[in-house]
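Pasting start-v8.cif here (mmCIF, N, CA and C atoms):
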```
data_work
loop_
_atom_site.label_atom_id
_atom_site.label_comp_id
_atom_site.auth_asym_id
_atom_site.auth_seq_id
_atom_site.Cartn_x
_atom_site.Cartn_y
_atom_site.Cartn_z
N MET A 1 0.86 -1.17 0.00
CA MET A 1 0.00 0.00 0.00
C MET A 1 0.90 1.23 0.00
N SER A 2 0.54 2.22 -0.76
CA SER A 2 1.40 3.39 -0.90
C SER A 2 1.35 4.26 0.36
N GLN A 3 2.47 4.89 0.63
CA GLN A 3 2.55 5.80 1.77
C GLN A 3 1.59 6.97 1.58
N HIS A 4 1.37 7.37 0.33
CA HIS A 4 0.44 8.46 0.04
C HIS A 4 -0.98 8.11 0.52
N LEU A 5 -1.44 6.90 0.20
CA LEU A 5 -2.77 6.48 0.63
C LEU A 5 -2.86 6.40 2.16
N ILE A 6 -1.81 5.92 2.78
CA ILE A 6 -1.80 5.83 4.25
C ILE A 6 -1.84 7.22 4.86
N ASN A 7 -1.10 8.16 4.30
CA ASN A 7 -1.12 9.53 4.81
C ASN A 7 -2.50 10.17 4.63
N GLU A 8 -3.14 9.90 3.49
CA GLU A 8 -4.51 10.40 3.28
C GLU A 8 -5.46 9.82 4.33
N TYR A 9 -5.33 8.54 4.60
CA TYR A 9 -6.16 7.88 5.62
C TYR A 9 -5.97 8.54 6.98
N ARG A 10 -4.73 8.73 7.38
CA ARG A 10 -4.46 9.35 8.68
C ARG A 10 -5.03 10.75 8.77
N GLY A 11 -4.91 11.53 7.69
CA GLY A 11 -5.47 12.88 7.66
C GLY A 11 -6.98 12.86 7.79
N GLU A 12 -7.63 11.96 7.05
CA GLU A 12 -9.09 11.85 7.11
C GLU A 12 -9.54 11.39 8.50
N LEU A 13 -8.81 10.48 9.09
CA LEU A 13 -9.12 10.02 10.45
C LEU A 13 -9.05 11.19 11.43
N ASP A 14 -8.02 12.00 11.32
CA ASP A 14 -7.89 13.18 12.18
C ASP A 14 -9.05 14.15 11.97
N ARG A 15 -9.44 14.36 10.70
CA ARG A 15 -10.56 15.28 10.41
C ARG A 15 -11.87 14.74 10.99
N LEU A 16 -12.11 13.45 10.84
CA LEU A 16 -13.34 12.86 11.39
C LEU A 16 -13.38 12.96 12.91
N ARG A 17 -12.24 12.69 13.56
CA ARG A 17 -12.19 12.81 15.02
C ARG A 17 -12.46 14.24 15.46
N ALA A 18 -11.85 15.20 14.77
CA ALA A 18 -12.01 16.61 15.15
C ALA A 18 -13.45 17.08 14.91
N ALA A 19 -14.01 16.72 13.76
CA ALA A 19 -15.35 17.19 13.41
C ALA A 19 -16.44 16.55 14.27
N SER A 20 -16.27 15.26 14.57
CA SER A 20 -17.32 14.53 15.28
C SER A 20 -17.12 14.52 16.79
N GLY A 21 -15.87 14.66 17.22
CA GLY A 21 -15.57 14.52 18.64
C GLY A 21 -15.72 13.08 19.11
N SER A 22 -15.77 12.15 18.18
CA SER A 22 -16.05 10.76 18.50
C SER A 22 -14.86 9.87 18.18
N ARG A 23 -14.79 8.76 18.91
CA ARG A 23 -13.81 7.72 18.62
C ARG A 23 -14.53 6.39 18.35
N ARG A 24 -15.85 6.47 18.09
CA ARG A 24 -16.65 5.27 17.84
C ARG A 24 -16.35 4.69 16.46
N GLU A 25 -16.43 3.38 16.39
CA GLU A 25 -16.19 2.65 15.14
C GLU A 25 -17.08 3.16 14.02
N SER A 26 -18.36 3.37 14.28
CA SER A 26 -19.31 3.74 13.24
C SER A 26 -18.96 5.07 12.59
N VAL A 27 -18.25 5.93 13.29
CA VAL A 27 -17.83 7.22 12.74
C VAL A 27 -16.48 7.08 12.04
N LEU A 28 -15.52 6.47 12.72
CA LEU A 28 -14.14 6.46 12.24
C LEU A 28 -13.87 5.43 11.15
N ARG A 29 -14.70 4.40 11.06
CA ARG A 29 -14.42 3.37 10.05
C ARG A 29 -14.55 3.89 8.63
N GLU A 30 -15.22 5.01 8.46
CA GLU A 30 -15.37 5.58 7.12
C GLU A 30 -14.01 5.91 6.49
N ALA A 31 -13.06 6.35 7.31
CA ALA A 31 -11.73 6.69 6.79
C ALA A 31 -11.04 5.43 6.25
N PHE A 32 -11.10 4.32 6.97
CA PHE A 32 -10.47 3.08 6.51
C PHE A 32 -11.21 2.52 5.30
N LYS A 33 -12.52 2.65 5.32
CA LYS A 33 -13.32 2.20 4.17
C LYS A 33 -12.87 2.93 2.91
N ASP A 34 -12.68 4.25 3.01
CA ASP A 34 -12.22 5.03 1.86
C ASP A 34 -10.83 4.59 1.41
N LEU A 35 -9.96 4.28 2.36
CA LEU A 35 -8.62 3.79 2.04
C LEU A 35 -8.72 2.49 1.24
N LEU A 36 -9.53 1.56 1.71
CA LEU A 36 -9.70 0.28 1.00
C LEU A 36 -10.30 0.49 -0.38
N LYS A 37 -11.26 1.38 -0.50
CA LYS A 37 -11.87 1.65 -1.80
C LYS A 37 -10.84 2.17 -2.79
N ARG A 38 -10.04 3.15 -2.36
CA ARG A 38 -9.04 3.74 -3.27
C ARG A 38 -7.98 2.71 -3.65
N TRP A 39 -7.50 1.95 -2.68
CA TRP A 39 -6.49 0.95 -3.00
C TRP A 39 -7.08 -0.12 -3.92
N GLY A 40 -8.27 -0.58 -3.59
CA GLY A 40 -8.91 -1.61 -4.40
C GLY A 40 -9.15 -1.18 -5.83
N LYS A 41 -9.61 0.04 -6.01
CA LYS A 41 -9.87 0.55 -7.36
C LYS A 41 -8.60 0.53 -8.20
N ALA A 42 -7.47 0.88 -7.59
CA ALA A 42 -6.19 0.88 -8.30
C ALA A 42 -5.75 -0.53 -8.69
N HIS A 43 -6.37 -1.56 -8.09
CA HIS A 43 -6.01 -2.95 -8.38
C HIS A 43 -7.18 -3.74 -8.97
N ASP A 44 -8.12 -3.02 -9.56
CA ASP A 44 -9.30 -3.63 -10.21
C ASP A 44 -10.10 -4.51 -9.26
N LEU A 45 -10.20 -4.06 -8.02
CA LEU A 45 -11.01 -4.75 -7.02
C LEU A 45 -12.19 -3.87 -6.64
N GLN A 46 -13.30 -4.48 -6.32
CA GLN A 46 -14.50 -3.75 -5.92
C GLN A 46 -14.70 -3.88 -4.42
N PHE A 47 -14.90 -2.75 -3.74
CA PHE A 47 -15.18 -2.77 -2.31
C PHE A 47 -16.67 -2.96 -2.10
N ILE A 48 -17.03 -3.91 -1.24
CA ILE A 48 -18.43 -4.16 -0.90
C ILE A 48 -18.56 -4.04 0.62
N ALA A 49 -19.38 -3.09 1.06
CA ALA A 49 -19.63 -2.92 2.49
C ALA A 49 -20.61 -3.98 2.98
N GLU A 50 -20.46 -4.38 4.24
CA GLU A 50 -21.37 -5.35 4.87
C GLU A 50 -21.53 -6.60 4.02
N HIS A 51 -20.41 -7.13 3.57
CA HIS A 51 -20.40 -8.31 2.70
C HIS A 51 -20.76 -9.56 3.51
N ASP A 52 -21.65 -10.37 2.97
CA ASP A 52 -22.07 -11.58 3.68
C ASP A 52 -21.24 -12.79 3.27
N ILE A 53 -21.00 -13.64 4.25
CA ILE A 53 -20.23 -14.86 4.07
C ILE A 53 -20.98 -15.99 4.76
N LEU A 54 -21.05 -17.13 4.12
CA LEU A 54 -21.61 -18.33 4.75
C LEU A 54 -20.44 -19.10 5.37
N THR A 55 -20.47 -19.28 6.69
CA THR A 55 -19.36 -19.91 7.40
C THR A 55 -19.40 -21.43 7.25
N LYS A 56 -18.34 -22.08 7.71
CA LYS A 56 -18.30 -23.54 7.71
C LYS A 56 -19.38 -24.13 8.60
N GLN A 57 -19.80 -23.33 9.63
CA GLN A 57 -20.88 -23.78 10.51
C GLN A 57 -22.26 -23.53 9.89
N MET A 58 -22.26 -23.05 8.63
CA MET A 58 -23.49 -22.76 7.89
C MET A 58 -24.31 -21.63 8.52
N THR A 59 -23.62 -20.66 9.10
CA THR A 59 -24.27 -19.45 9.57
C THR A 59 -23.81 -18.29 8.69
N ARG A 60 -24.64 -17.29 8.58
CA ARG A 60 -24.31 -16.13 7.75
C ARG A 60 -23.74 -15.04 8.64
N ILE A 61 -22.58 -14.53 8.24
CA ILE A 61 -21.96 -13.41 8.95
C ILE A 61 -21.77 -12.27 7.96
N TYR A 62 -21.57 -11.08 8.49
CA TYR A 62 -21.37 -9.90 7.67
C TYR A 62 -20.10 -9.20 8.11
N VAL A 63 -19.07 -9.22 7.25
CA VAL A 63 -17.86 -8.46 7.54
C VAL A 63 -18.14 -7.02 7.16
N ASP A 64 -17.42 -6.09 7.80
CA ASP A 64 -17.65 -4.68 7.51
C ASP A 64 -17.36 -4.34 6.06
N GLY A 65 -16.42 -5.06 5.46
CA GLY A 65 -16.14 -4.81 4.06
C GLY A 65 -15.35 -5.95 3.45
N ALA A 66 -15.40 -6.02 2.13
CA ALA A 66 -14.63 -7.02 1.39
C ALA A 66 -14.18 -6.38 0.08
N LEU A 67 -13.00 -6.78 -0.36
CA LEU A 67 -12.52 -6.43 -1.68
C LEU A 67 -12.68 -7.67 -2.54
N LEU A 68 -13.39 -7.51 -3.67
CA LEU A 68 -13.70 -8.65 -4.52
C LEU A 68 -13.14 -8.45 -5.92
N HIS A 69 -12.65 -9.56 -6.50
CA HIS A 69 -12.33 -9.60 -7.92
C HIS A 69 -13.67 -9.69 -8.65
N GLY A 70 -13.64 -9.69 -9.95
CA GLY A 70 -14.86 -9.90 -10.72
C GLY A 70 -15.55 -11.19 -10.32
N LEU A 71 -16.82 -11.28 -10.56
CA LEU A 71 -17.62 -12.47 -10.27
C LEU A 71 -17.63 -12.86 -8.79
N ARG A 72 -17.51 -11.88 -7.90
CA ARG A 72 -17.63 -12.07 -6.45
C ARG A 72 -16.53 -12.93 -5.83
N VAL A 73 -15.39 -13.06 -6.47
CA VAL A 73 -14.28 -13.82 -5.90
C VAL A 73 -13.57 -12.94 -4.88
N PRO A 74 -13.52 -13.36 -3.61
CA PRO A 74 -12.93 -12.50 -2.58
C PRO A 74 -11.41 -12.39 -2.68
N PHE A 75 -10.92 -11.18 -2.48
CA PHE A 75 -9.49 -10.91 -2.36
C PHE A 75 -9.13 -10.81 -0.87
N GLY A 76 -9.97 -10.12 -0.10
CA GLY A 76 -9.73 -9.97 1.33
C GLY A 76 -10.91 -9.33 2.03
N TYR A 77 -10.86 -9.39 3.36
CA TYR A 77 -11.96 -8.91 4.19
C TYR A 77 -11.45 -7.90 5.22
N TRP A 78 -12.39 -7.13 5.75
CA TRP A 78 -12.08 -6.11 6.75
C TRP A 78 -13.16 -6.12 7.82
N GLU A 79 -12.71 -6.01 9.06
CA GLU A 79 -13.62 -5.92 10.20
C GLU A 79 -13.14 -4.80 11.11
N ALA A 80 -14.00 -3.83 11.37
CA ALA A 80 -13.66 -2.67 12.21
C ALA A 80 -14.18 -2.88 13.62
N LYS A 81 -13.42 -2.40 14.59
CA LYS A 81 -13.82 -2.44 15.99
C LYS A 81 -13.60 -1.05 16.58
N ASP A 82 -14.23 -0.80 17.73
CA ASP A 82 -14.03 0.46 18.44
C ASP A 82 -12.64 0.52 19.03
N GLU A 83 -12.09 1.72 19.09
CA GLU A 83 -10.77 1.94 19.68
C GLU A 83 -10.73 1.47 21.13
N SER A 84 -11.86 1.55 21.83
CA SER A 84 -11.91 1.15 23.24
C SER A 84 -12.04 -0.36 23.42
N ASP A 85 -12.31 -1.09 22.35
CA ASP A 85 -12.40 -2.55 22.44
C ASP A 85 -11.02 -3.17 22.62
N ASP A 86 -10.96 -4.33 23.22
CA ASP A 86 -9.74 -5.12 23.26
C ASP A 86 -9.68 -5.86 21.93
N LEU A 87 -8.85 -5.37 21.02
CA LEU A 87 -8.85 -5.89 19.66
C LEU A 87 -8.54 -7.38 19.60
N ASP A 88 -7.59 -7.83 20.40
CA ASP A 88 -7.24 -9.26 20.38
C ASP A 88 -8.42 -10.13 20.82
N LYS A 89 -9.15 -9.71 21.85
CA LYS A 89 -10.34 -10.46 22.30
C LYS A 89 -11.44 -10.42 21.24
N GLU A 90 -11.60 -9.28 20.60
CA GLU A 90 -12.62 -9.16 19.55
C GLU A 90 -12.29 -10.07 18.36
N ILE A 91 -11.01 -10.16 18.02
CA ILE A 91 -10.60 -11.04 16.91
C ILE A 91 -10.92 -12.49 17.25
N GLU A 92 -10.56 -12.92 18.45
CA GLU A 92 -10.86 -14.31 18.85
C GLU A 92 -12.36 -14.58 18.84
N ALA A 93 -13.15 -13.61 19.28
CA ALA A 93 -14.61 -13.78 19.27
C ALA A 93 -15.12 -13.93 17.84
N LYS A 94 -14.57 -13.16 16.93
CA LYS A 94 -14.98 -13.25 15.52
C LYS A 94 -14.59 -14.61 14.93
N PHE A 95 -13.40 -15.08 15.26
CA PHE A 95 -12.98 -16.39 14.76
C PHE A 95 -13.89 -17.50 15.30
N ARG A 96 -14.31 -17.40 16.54
CA ARG A 96 -15.24 -18.40 17.10
C ARG A 96 -16.56 -18.40 16.34
N LYS A 97 -16.94 -17.25 15.79
CA LYS A 97 -18.19 -17.16 15.02
C LYS A 97 -18.03 -17.65 13.59
N GLY A 98 -16.78 -17.95 13.19
CA GLY A 98 -16.56 -18.48 11.86
C GLY A 98 -15.97 -17.50 10.86
N TYR A 99 -15.52 -16.34 11.32
CA TYR A 99 -14.89 -15.39 10.40
C TYR A 99 -13.66 -16.03 9.77
N PRO A 100 -13.36 -15.65 8.53
CA PRO A 100 -12.20 -16.26 7.84
C PRO A 100 -10.89 -15.88 8.51
N ARG A 101 -9.90 -16.75 8.39
CA ARG A 101 -8.56 -16.50 8.90
C ARG A 101 -7.58 -16.26 7.75
N GLU A 102 -8.11 -16.02 6.58
CA GLU A 102 -7.29 -15.76 5.39
C GLU A 102 -7.60 -14.36 4.90
N ASN A 103 -6.56 -13.56 4.74
CA ASN A 103 -6.68 -12.23 4.16
C ASN A 103 -7.80 -11.40 4.80
N ILE A 104 -7.72 -11.27 6.10
CA ILE A 104 -8.66 -10.41 6.81
C ILE A 104 -7.86 -9.46 7.69
N VAL A 105 -8.26 -8.20 7.67
CA VAL A 105 -7.63 -7.20 8.52
C VAL A 105 -8.68 -6.70 9.51
N PHE A 106 -8.27 -6.66 10.76
CA PHE A 106 -9.09 -6.13 11.84
C PHE A 106 -8.50 -4.78 12.23
N THR A 107 -9.33 -3.75 12.34
CA THR A 107 -8.83 -2.43 12.68
C THR A 107 -9.61 -1.82 13.83
N ASP A 108 -8.91 -0.97 14.58
CA ASP A 108 -9.59 -0.16 15.60
C ASP A 108 -9.16 1.30 15.49
N ASP A 109 -8.62 1.69 14.36
CA ASP A 109 -8.16 3.04 14.05
C ASP A 109 -6.95 3.47 14.87
N VAL A 110 -6.40 2.54 15.65
CA VAL A 110 -5.10 2.73 16.28
C VAL A 110 -4.18 1.61 15.81
N ARG A 111 -4.75 0.40 15.72
CA ARG A 111 -4.02 -0.79 15.30
C ARG A 111 -4.73 -1.44 14.13
N ALA A 112 -3.95 -2.13 13.33
CA ALA A 112 -4.49 -3.00 12.30
C ALA A 112 -3.80 -4.34 12.46
N VAL A 113 -4.60 -5.41 12.46
CA VAL A 113 -4.07 -6.76 12.61
C VAL A 113 -4.48 -7.55 11.37
N LEU A 114 -3.48 -8.03 10.64
CA LEU A 114 -3.71 -8.77 9.41
C LEU A 114 -3.50 -10.25 9.66
N TRP A 115 -4.46 -11.05 9.19
CA TRP A 115 -4.33 -12.50 9.22
C TRP A 115 -4.29 -13.00 7.78
N GLN A 116 -3.30 -13.85 7.49
CA GLN A 116 -3.18 -14.49 6.19
C GLN A 116 -2.83 -15.95 6.41
N ASP A 117 -3.47 -16.82 5.66
CA ASP A 117 -3.20 -18.25 5.72
C ASP A 117 -3.24 -18.79 7.14
N GLY A 118 -4.19 -18.29 7.95
CA GLY A 118 -4.38 -18.79 9.30
C GLY A 118 -3.42 -18.27 10.35
N ALA A 119 -2.59 -17.28 10.01
CA ALA A 119 -1.62 -16.76 10.98
C ALA A 119 -1.62 -15.23 10.95
N GLU A 120 -1.36 -14.66 12.11
CA GLU A 120 -1.25 -13.21 12.20
C GLU A 120 0.07 -12.76 11.59
N ILE A 121 0.01 -11.72 10.77
CA ILE A 121 1.19 -11.14 10.14
C ILE A 121 1.60 -9.92 10.96
N VAL A 122 2.87 -9.84 11.32
CA VAL A 122 3.37 -8.74 12.14
C VAL A 122 4.06 -7.73 11.23
N PHE A 123 3.78 -6.44 11.42
CA PHE A 123 4.34 -5.39 10.59
C PHE A 123 5.23 -4.48 11.42
N ARG A 124 6.22 -3.92 10.75
CA ARG A 124 6.99 -2.84 11.35
C ARG A 124 6.08 -1.63 11.41
N ARG A 125 6.09 -0.92 12.50
CA ARG A 125 5.19 0.20 12.70
C ARG A 125 5.41 1.34 11.69
N ALA A 126 6.63 1.67 11.38
CA ALA A 126 6.91 2.86 10.57
C ALA A 126 6.45 2.76 9.13
N ASN A 127 6.68 1.62 8.50
CA ASN A 127 6.39 1.56 7.07
C ASN A 127 5.46 0.43 6.65
N LEU A 128 4.91 -0.31 7.59
CA LEU A 128 3.99 -1.40 7.32
C LEU A 128 4.59 -2.50 6.46
N THR A 129 5.91 -2.70 6.56
CA THR A 129 6.58 -3.78 5.87
C THR A 129 6.51 -5.04 6.73
N PRO A 130 6.06 -6.18 6.16
CA PRO A 130 5.99 -7.40 6.98
C PRO A 130 7.35 -7.79 7.52
N LEU A 131 7.37 -8.26 8.76
CA LEU A 131 8.58 -8.79 9.36
C LEU A 131 8.83 -10.19 8.84
N ALA A 132 10.06 -10.52 8.60
CA ALA A 132 10.40 -11.88 8.17
C ALA A 132 10.19 -12.84 9.32
N GLY A 133 9.66 -14.04 9.01
CA GLY A 133 9.25 -15.01 9.94
C GLY A 133 10.20 -15.57 10.88
#
```

Translate this file's structure into C-alpha cells.
Amino acid sequence: MSQHLINEYRGELDRLRAASGSRRESVLREAFKDLLKRWGKAHDLQFIAEHDILTKQMTRIYVDGALLHGLRVPFGYWEAKDESDDLDKEIEAKFRKGYPRENIVFTDDVRAVLWQDGAEIVFRRANLTPLAG
C-alpha cells in the first residue's frame, strides 16, 4: 500500500475525530473504508460494504467490508472495531463465530491486525513492511 494512501487515511481520520468529537467505530471506520476503496480501485477490485459470508458452521456473517475480484471472488476482508475494544479479544470472538482467517484485517483506528493463511502477520510500525518469519 502506498505511503500516500496511508497519509490520506491518517489525515481523514484526524478530520473525522475533530469534526465529530467521536472515537466510535461507526464514525471512524469511514476513513479506513475510503482507504480500502481507493487501494482496491487501483487494483481492479470492488469494495463491498457489509459483505455476507456463509461460514463452515453454515451461519451467515457480515464483515464490515470485502474487496472482490470480478464475479464475487474474494481478495480480502475487513472488520472494524471500536478503539476502546480489546482488539485481540474481539478477533478471537470473531474467529469463534466463523470469520475467515485468510486475508482479513481487523482495525480499531489505532491498530491494524492482518491474518493471512491462518496466521497473524506482524508489521513494522513505521512503514507497514511485513517482518520476516

Would you mind listing what lies within 10 Å of A:Val113 as a PyMOL selection string, with only C-alpha atoms counted and same-chain residues fewer than 6 positions away left out? chain A and resi 78-79+87-88+91+104-107+120-123

Selection above as a file: N, CA and C atoms, as a compact mmCIF listing (two decimals), in the coordinates of the input:
```
# COMPACT_ATOMS: atom_id res chain seq x y z
N TRP A 78 -12.39 -7.13 5.75
CA TRP A 78 -12.08 -6.11 6.75
C TRP A 78 -13.16 -6.12 7.82
N GLU A 79 -12.71 -6.01 9.06
CA GLU A 79 -13.62 -5.92 10.20
C GLU A 79 -13.14 -4.80 11.11
N LEU A 87 -8.85 -5.37 21.02
CA LEU A 87 -8.85 -5.89 19.66
C LEU A 87 -8.54 -7.38 19.60
N ASP A 88 -7.59 -7.83 20.40
CA ASP A 88 -7.24 -9.26 20.38
C ASP A 88 -8.42 -10.13 20.82
N ILE A 91 -11.01 -10.16 18.02
CA ILE A 91 -10.60 -11.04 16.91
C ILE A 91 -10.92 -12.49 17.25
N ILE A 104 -7.72 -11.27 6.10
CA ILE A 104 -8.66 -10.41 6.81
C ILE A 104 -7.86 -9.46 7.69
N VAL A 105 -8.26 -8.20 7.67
CA VAL A 105 -7.63 -7.20 8.52
C VAL A 105 -8.68 -6.70 9.51
N PHE A 106 -8.27 -6.66 10.76
CA PHE A 106 -9.09 -6.13 11.84
C PHE A 106 -8.50 -4.78 12.23
N THR A 107 -9.33 -3.75 12.34
CA THR A 107 -8.83 -2.43 12.68
C THR A 107 -9.61 -1.82 13.83
N GLU A 120 -1.36 -14.66 12.11
CA GLU A 120 -1.25 -13.21 12.20
C GLU A 120 0.07 -12.76 11.59
N ILE A 121 0.01 -11.72 10.77
CA ILE A 121 1.19 -11.14 10.14
C ILE A 121 1.60 -9.92 10.96
N VAL A 122 2.87 -9.84 11.32
CA VAL A 122 3.37 -8.74 12.14
C VAL A 122 4.06 -7.73 11.23
N PHE A 123 3.78 -6.44 11.42
CA PHE A 123 4.34 -5.39 10.59
C PHE A 123 5.23 -4.48 11.42
```

Which residues are near stretch 54-62 of chain A? Cut-off 7 Å, all atoms listed in the file, ignore same chain within fewer than 4 positions. Put them as a list in words.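 Within the cut-off, the hits are Glu50, Lys97, Gly98 and Tyr99 of chain A.
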
Where in stretch 31-118 of chain A does DSSP assign alpha helix (DSSP H), given as a list in words?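 Alpha helix (DSSP H) assignments inside stretch 31-118 of chain A correspond to Ala31, Phe32, Lys33, Asp34, Leu35, Leu36, Lys37, Arg38, Trp39, Gly40, Lys41, Ala42, Leu87, Asp88, Lys89, Glu90, Ile91, Glu92, Ala93, Lys94, Phe95 and Arg96 of chain A.
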
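Minimum distance to A:Asp64 across A:Ile48, A:Ala19, A:Val27, A:Ile6 (counting all atoms listed in the file) occurs at A:Ile48.
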
Could you tell me how far atom CA of A:Asp109 lies from atom CA of A:Gly11, in Å and to one decimal? 12.0 Å

Suppose a student applies the PyMOL selection byres (((chain A and resi 36 and name CA) around 9) and name CA) to this structure; what residues should they get, written as a list of chain:residue names?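 With the PyMOL selection byres (((chain A and resi 36 and name CA) around 9) and name CA) on this model, the match is A:Ala31, A:Phe32, A:Lys33, A:Asp34, A:Leu35, A:Lys37, A:Arg38, A:Trp39, A:Gly40, A:Lys41, A:Phe47, A:Gly65, A:Ala66, A:Leu67, A:Trp78.
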
So which bits of stretch 4-114 of chain A end up strand (DSSP E or B) when you DSSP the backbone, as a ChimeraX atom specification? /A:46-54,60-68,74-80,104-107,112-114

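Taking only C-alpha atoms into account, A:Ala42 lies nearest to A:Leu5 out of the set A:Lys94, A:Leu5, A:Asp86, A:Val63.
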
Selection result of the PyMOL selection byres ((chain A and resi 82) around 6.5) on this file, as an NGL selection string: :A and (23-25 or 80-81 or 83-85 or 107-109)

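Take atom CA of A:Glu90 and atom CA of A:Ser22: the distance between them is 20.2 Å.
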
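Between atom CA of A:Ala112 and atom CA of A:Tyr77 lies a distance of 12.5 Å.
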